[in-house]
Amino acid sequence: MTKHTPAQRRGLHAALAAALLLTSGLGQAQAAAALPIPLIPMPVSVTPASGSLAVNAQSVIAYAPGDKGAEAAANYLAAELKRSRGLTLTVSATATPARGAIVVRTDPKATVTQTDGYTLDVDGTGARITSRGDAGLFYGAVTLWQLATADGKQGATQVPDVAIRDFPRFAWRGLMLDVVRHFRTVAEVKQALDSMAEHKLNVFHWHLSDDQGWRIEIKRYPKLTSIGGWRTPPGAGTHGEPLKYGGFYTQDEIRDVVAYAAARHITVVPELDMPGHAQAAVAAYPEIVGVTGERPAVSVDWGVNPYLYNVDDKSFTFIENVLDELMTLFPSTYIHIGGDEAVKDQWKDSPAVQAKMKSLGITTENALQSWFTDRLGDYLGKHGRRLIGWDEILEGGLPRTASVMSWRGVEGAVAAAKQDHDVVLAPAGWMYFDNHQSDRADEPNGRLSVLDLKRVYGFEPVDASLTPEQAKHVLGTEATLWAEFIPSQRHVEHALYPRLDAMSEIAWSPREAKNWDSFQQRLPAQLRRYAALDIIPSDTAFAPGIHVQEDVPAVLRSGKATVSLDNQTGFGTLRYTTDGSTPGASAKAYSVPFPVTLPVTVRAATFAPDGTPIAAARSRLIDQVSLLTRHNGEFTKCADGGLGLRMPLLPDLGAMDTPVYDIDLFTSCWRYPKAPLDGITGIRVEAARLARNYGLAHEQSKVVPHPAKTANGELEIYEDTCSGKLLASLPLPDGKALGERFELKGRLPATQGEHDLCMRVTAPINGPLYGLQSVQLTGAHR
């Protein structure tokens, strides 16, 4: 997996980081003064005042001797200021702090009664953080840190005078990190915990086992990591793909992470998925937990795989022994047992499992899963723990002791809450951060379903159908980052930020305090904090789109075009150039579409109200070749298909700058929309051979075969639809090497006007997938 050195990471965001620190004098200062106070999530109550408090190397953070919670919060604040501003403050235990000090104090009579709430007052005499509990003091320190870092600069600063009263809306404010599909180091996990703390999130859901790996050391069963922790990826040893992929956390590393999280008032909830998503465990111990007794390889296929835990006593002894070790490592009340996507075929086909069902009086495999889950819930309950699982655990009847994490929409959470079970909302349509943030062609690997920033911000965890009593069962909400298409830390950062900012406001702030316009105004300060912390967030929400207004034939005939600009949110000022230079704060502001003469390079960037850039510049070359070429991300789905995934050349390549390919798993089809075919005589295609590493389970029957005419199949190109006139058939090259890139060329018959091109692959459906990087029409266009 590709790693970035600190120098490389600095280079990746140096331009944006530098731009975010630009200032241009009084006009920007006046604009900044009119903005909302730069805090995310928004507190319950904020009362700004005139004036500010100087925070510099002479400042002191004081706490009363013996006040352990205050001491911890004071040290955290000092460490964060050092990390983000390079500013070293003295932390002092004193009963009589000096004027101008930052005072952190536990107060049993604090006006905010919640122990995780706090008051923060900043005025000419200093700053004071008070709370009835340690968590509240910590969150007050986070808020003061945000106020002190809004400019993203180093060294001394001024914190605005303000009075804040604050406490969280929900008790469960979570982030799930999948470290199975792609492993994250301890240092990377700690970075996620740091970011959670800075967003006032408090539950780290750690997905530690699945079909593709087992990531936690269990001393009683060492094969879980020696065998189950590693896989041989498709294309191993070629194009940078590792020979072996995996990793795991030792028990000492687990303890270290749990302690690190606890110091930030974060509870770590481990997840071991069962009874499905069990292939890595079965690969390690097929004779103990497998249904068939056969040893599979650790899976390299994303999606749904068939392996289940057995339901006999031998299997339960194994599971209970694993849970015993797990509970010594994780003090959390909740243990997550997964429960999702358990394809029941192995249970249905096993005489022993069917006999077990008969002995229990159970008639369906879904009911057997409920029995399985109930038994685990009882075991955990005997040890003072509680079981939580994905909403599939509802299907056979909700287990008596279970709490539900709803991912397939909100319906599972609503149903469970109405049955008086606690629930956490993590619906895929709002909280699955492996979904793309836009339909832009420059998005990296991921699911092509779009989950944009505004949609995340608009989520409401408490469904309107719940009564006030039922609503009390809504513990909170959680963002989830599944990692099939998130191979590197750079991908993690792109997927999480700034959507995690939106999620944090949902989880913390009062419902009535949420305001989309205000949130956007507060985001530029957060982007500056990310730059100071060496984090590279996505700028997709603000990135400029550059569009040609006229149809391509008209532009090709006239050599002129009209260009329009926009961005996803409509926030900020778009500025542009037409000479290829990077637009700065004084570049022309976009207001209406503008004319250009070909060839031309249009560059555009987005600037916040205070004049700082909030999206890196984007470019578009407009000339004859570019107008006749479509690149990956510009193809659309065929009438009977659907582009669902954006894949890298090979599954475990970690770099963000590798080619990516939009894939239709079921029809292997793409559409080149509105191809201008007048005068076109040929076509040139850049393509690649990719891994077909997807477990489709019962959906395998939906894969549509197209008969091949040559040994390796071909790329067929049809007029309008794939039932239309065949224009070209380009044979695919010989070979089986995955990750191989190649070029196809062919002639096209004379065709008049604009037509969609339907392009589909006829290679066998049990062979590799193919992806299209670009399709260029060639010939003397008229």
# chains A, B, ... in the order shown; residues from 1 in each chain; ligands from 1
call {"tool": "select_by_dssp", "arguments": {"residues": "stretch 191-324 of chain A", "states": "strand (DSSP E or B)", "output": "list in words"}}
result
Val203, Phe204, His205, Trp206, His207, Leu208, Ser209, Asp210, Gly213, Trp214, Ile216, Trp230, Arg231, Tyr245, Gly246, Tyr249, Thr267, Val268, Val269, Pro270, Glu271, Leu272, Trp302, Gly303 and Val304 of chain A
call {"tool": "atom_distance", "arguments": {"atom1": "atom CA of A:Asp442", "atom2": "atom CA of A:Leu653"}}
result
17.2 Å
call {"tool": "select_by_dssp", "arguments": {"residues": "stretch 381-626 of chain A", "states": "alpha helix (DSSP H)", "output": "ChimeraX atom specification"}}
result
/A:381-382,411-418,428-431,453-457,468-471,489-496,499-508,516-532,552-558,624-626
call {"tool": "residues_around", "arguments": {"residues": "A:Lys356", "least_positions_apart": "3", "cutoff": "12 Å", "atoms": "only C-alpha atoms", "output": "number ranges by chain"}}
result
A: 310-313, 347-348, 350-353, 359-365, 368, 371-372
call {"tool": "atom_distance", "arguments": {"atom1": "atom CA of A:His199", "atom2": "atom CA of A:Thr143"}}
result
9.3 Å
call {"tool": "closest_residue", "arguments": {"among": "A:Thr762, A:Gln624, A:Ser701, A:Ser315", "to": "A:Pro731", "atoms": "only C-alpha atoms"}}
result
A:Thr762
call {"tool": "residues_around", "arguments": {"residues": "A:Thr658", "least_positions_apart": "6", "cutoff": "9 Å", "atoms": "only C-alpha atoms", "output": "ChimeraX atom specification"}}
result
/A:444,648-649
call {"tool": "write_last_selection", "arguments": {"atoms": "all heavy atoms", "output": "short mmCIF file (atom, residue, chain, number, x, y, z; two decimals), in the first residue's frame"}}
result
data_model
loop_
_atom_site.label_atom_id
_atom_site.label_comp_id
_atom_site.auth_asym_id
_atom_site.auth_seq_id
_atom_site.Cartn_x
_atom_site.Cartn_y
_atom_site.Cartn_z
N PRO A 444 -12.27 10.37 -6.44
CA PRO A 444 -11.45 9.15 -6.46
C PRO A 444 -12.31 7.90 -6.37
O PRO A 444 -13.52 7.94 -6.61
CB PRO A 444 -10.58 9.33 -5.20
CG PRO A 444 -11.47 10.09 -4.27
CD PRO A 444 -12.28 11.02 -5.13
N PRO A 648 -10.16 1.41 -8.76
CA PRO A 648 -8.77 1.65 -9.17
C PRO A 648 -8.31 0.53 -10.11
O PRO A 648 -9.04 -0.45 -10.34
CB PRO A 648 -8.01 1.61 -7.85
CG PRO A 648 -8.81 0.65 -7.02
CD PRO A 648 -10.24 0.84 -7.41
N LEU A 649 -7.11 0.68 -10.64
CA LEU A 649 -6.56 -0.36 -11.50
C LEU A 649 -6.52 -1.72 -10.81
O LEU A 649 -6.83 -2.75 -11.40
CB LEU A 649 -5.14 0.01 -11.92
CG LEU A 649 -4.96 0.77 -13.24
CD1 LEU A 649 -3.51 1.19 -13.41
CD2 LEU A 649 -5.42 -0.07 -14.42
#
call {"tool": "closest_atom_pairs", "arguments": {"of": "stretch 640-704 of chain A", "to": "stretch 551-566 of chain A", "cutoff": "9 Å", "atoms": "only C-alpha atoms", "output": "CSV"}}
result
residue,atom,partner,partner_atom,distance
A:Lys674,CA,A:Val552,CA,8.7
A:Ala675,CA,A:Val552,CA,8.5
A:Pro676,CA,A:Pro553,CA,6.1
A:Leu677,CA,A:Pro553,CA,8.9
A:Asp678,CA,A:Pro553,CA,8.3
call {"tool": "residues_around", "arguments": {"residues": "A:Lys709", "least_positions_apart": "5", "cutoff": "12 Å", "atoms": "only C-alpha atoms", "output": "mmCIF file with all heavy atoms, in the first residue's frame"}}
result
data_model
loop_
_atom_site.group_PDB
_atom_site.id
_atom_site.type_symbol
_atom_site.label_atom_id
_atom_site.label_comp_id
_atom_site.auth_asym_id
_atom_site.auth_seq_id
_atom_site.Cartn_x
_atom_site.Cartn_y
_atom_site.Cartn_z
ATOM 1 N N GLU A 714 -14.864 -8.514 -27.104
ATOM 2 C CA GLU A 714 -14.640 -7.258 -27.779
ATOM 3 C C GLU A 714 -15.427 -6.137 -27.109
ATOM 4 O O GLU A 714 -16.318 -6.384 -26.301
ATOM 5 C CB GLU A 714 -15.046 -7.341 -29.266
ATOM 6 C CG GLU A 714 -16.366 -8.016 -29.532
ATOM 7 C CD GLU A 714 -16.243 -9.527 -29.622
ATOM 8 O OE1 GLU A 714 -15.305 -10.026 -30.249
ATOM 9 O OE2 GLU A 714 -17.085 -10.229 -29.021
ATOM 10 N N LEU A 715 -15.051 -4.925 -27.450
ATOM 11 C CA LEU A 715 -15.838 -3.759 -27.075
ATOM 12 C C LEU A 715 -16.708 -3.428 -28.277
ATOM 13 O O LEU A 715 -16.202 -3.063 -29.344
ATOM 14 C CB LEU A 715 -14.937 -2.580 -26.722
ATOM 15 C CG LEU A 715 -15.668 -1.267 -26.390
ATOM 16 C CD1 LEU A 715 -16.459 -1.392 -25.097
ATOM 17 C CD2 LEU A 715 -14.692 -0.104 -26.300
ATOM 18 N N GLU A 716 -18.013 -3.571 -28.106
ATOM 19 C CA GLU A 716 -18.955 -3.287 -29.175
ATOM 20 C C GLU A 716 -19.495 -1.868 -29.011
ATOM 21 O O GLU A 716 -19.778 -1.432 -27.889
ATOM 22 C CB GLU A 716 -20.109 -4.282 -29.158
ATOM 23 C CG GLU A 716 -19.683 -5.707 -29.439
ATOM 24 C CD GLU A 716 -20.850 -6.684 -29.411
ATOM 25 O OE1 GLU A 716 -21.835 -6.413 -28.673
ATOM 26 O OE2 GLU A 716 -20.782 -7.694 -30.121
ATOM 27 N N SER A 729 -16.727 -3.056 -33.740
ATOM 28 C CA SER A 729 -16.446 -4.136 -32.797
ATOM 29 C C SER A 729 -14.935 -4.222 -32.665
ATOM 30 O O SER A 729 -14.234 -4.613 -33.607
ATOM 31 C CB SER A 729 -17.023 -5.456 -33.302
ATOM 32 O OG SER A 729 -16.770 -6.491 -32.378
ATOM 33 N N LEU A 730 -14.422 -3.838 -31.501
ATOM 34 C CA LEU A 730 -12.990 -3.727 -31.272
ATOM 35 C C LEU A 730 -12.525 -4.903 -30.423
ATOM 36 O O LEU A 730 -12.849 -4.990 -29.226
ATOM 37 C CB LEU A 730 -12.666 -2.412 -30.563
ATOM 38 C CG LEU A 730 -13.274 -1.131 -31.169
ATOM 39 C CD1 LEU A 730 -12.867 0.088 -30.352
ATOM 40 C CD2 LEU A 730 -12.876 -0.980 -32.626
ATOM 41 N N PRO A 731 -11.776 -5.860 -31.000
ATOM 42 C CA PRO A 731 -11.346 -7.038 -30.225
ATOM 43 C C PRO A 731 -10.490 -6.648 -29.025
ATOM 44 O O PRO A 731 -9.609 -5.789 -29.116
ATOM 45 C CB PRO A 731 -10.540 -7.842 -31.244
ATOM 46 C CG PRO A 731 -11.042 -7.391 -32.570
ATOM 47 C CD PRO A 731 -11.367 -5.936 -32.400
ATOM 48 N N LEU A 732 -10.756 -7.282 -27.888
ATOM 49 C CA LEU A 732 -9.956 -7.061 -26.688
ATOM 50 C C LEU A 732 -8.644 -7.819 -26.801
ATOM 51 O O LEU A 732 -8.590 -8.891 -27.419
ATOM 52 C CB LEU A 732 -10.733 -7.528 -25.452
ATOM 53 C CG LEU A 732 -12.035 -6.757 -25.160
ATOM 54 C CD1 LEU A 732 -12.831 -7.443 -24.070
ATOM 55 C CD2 LEU A 732 -11.738 -5.322 -24.781
ATOM 56 N N VAL A 761 -18.990 -4.540 -23.300
ATOM 57 C CA VAL A 761 -17.959 -5.572 -23.388
ATOM 58 C C VAL A 761 -18.619 -6.936 -23.486
ATOM 59 O O VAL A 761 -19.584 -7.228 -22.765
ATOM 60 C CB VAL A 761 -17.024 -5.502 -22.163
ATOM 61 C CG1 VAL A 761 -16.136 -6.732 -22.083
ATOM 62 C CG2 VAL A 761 -16.170 -4.248 -22.224
ATOM 63 N N THR A 762 -18.084 -7.787 -24.358
ATOM 64 C CA THR A 762 -18.646 -9.132 -24.544
ATOM 65 C C THR A 762 -17.798 -10.227 -23.912
ATOM 66 O O THR A 762 -18.056 -11.395 -24.131
ATOM 67 C CB THR A 762 -18.809 -9.447 -26.039
ATOM 68 O OG1 THR A 762 -17.503 -9.496 -26.646
ATOM 69 C CG2 THR A 762 -19.669 -8.393 -26.731
ATOM 70 N N ALA A 763 -16.769 -9.855 -23.133
ATOM 71 C CA ALA A 763 -15.907 -10.870 -22.514
ATOM 72 C C ALA A 763 -16.715 -11.741 -21.550
ATOM 73 O O ALA A 763 -17.756 -11.321 -21.031
ATOM 74 C CB ALA A 763 -14.766 -10.192 -21.777
ATOM 75 N N PRO A 764 -16.254 -12.959 -21.263
ATOM 76 C CA PRO A 764 -16.998 -13.853 -20.358
ATOM 77 C C PRO A 764 -17.237 -13.222 -18.994
ATOM 78 O O PRO A 764 -16.357 -12.528 -18.457
ATOM 79 C CB PRO A 764 -16.080 -15.080 -20.249
ATOM 80 C CG PRO A 764 -15.255 -15.040 -21.491
ATOM 81 C CD PRO A 764 -15.056 -13.599 -21.809
#
call {"tool": "closest_residue", "arguments": {"among": "A:Ile218, A:His336, A:Val450, A:Ala171", "to": "A:Lys472", "atoms": "only C-alpha atoms"}}
result
A:Ala171
call {"tool": "residues_around", "arguments": {"residues": "A:Phe666", "least_positions_apart": "3", "cutoff": "8 Å", "atoms": "only C-alpha atoms", "output": "JSON, numbers by chain"}}
result
{"A": [641, 642, 702, 703, 704]}
call {"tool": "atom_distance", "arguments": {"atom1": "atom CA of A:Pro651", "atom2": "atom CA of A:Pro296"}}
result
19.8 Å
call {"tool": "residues_around", "arguments": {"residues": "A:Ser59", "least_positions_apart": "3", "cutoff": "7 Å", "atoms": "only C-alpha atoms", "output": "PyMOL selection string"}}
result
chain A and resi 55-56+89-90+101
call {"tool": "closest_residue", "arguments": {"among": "A:Leu144, A:Ile102, A:Ala236, A:Ala513", "to": "A:Pro38", "atoms": "only C-alpha atoms"}}
result
A:Leu144
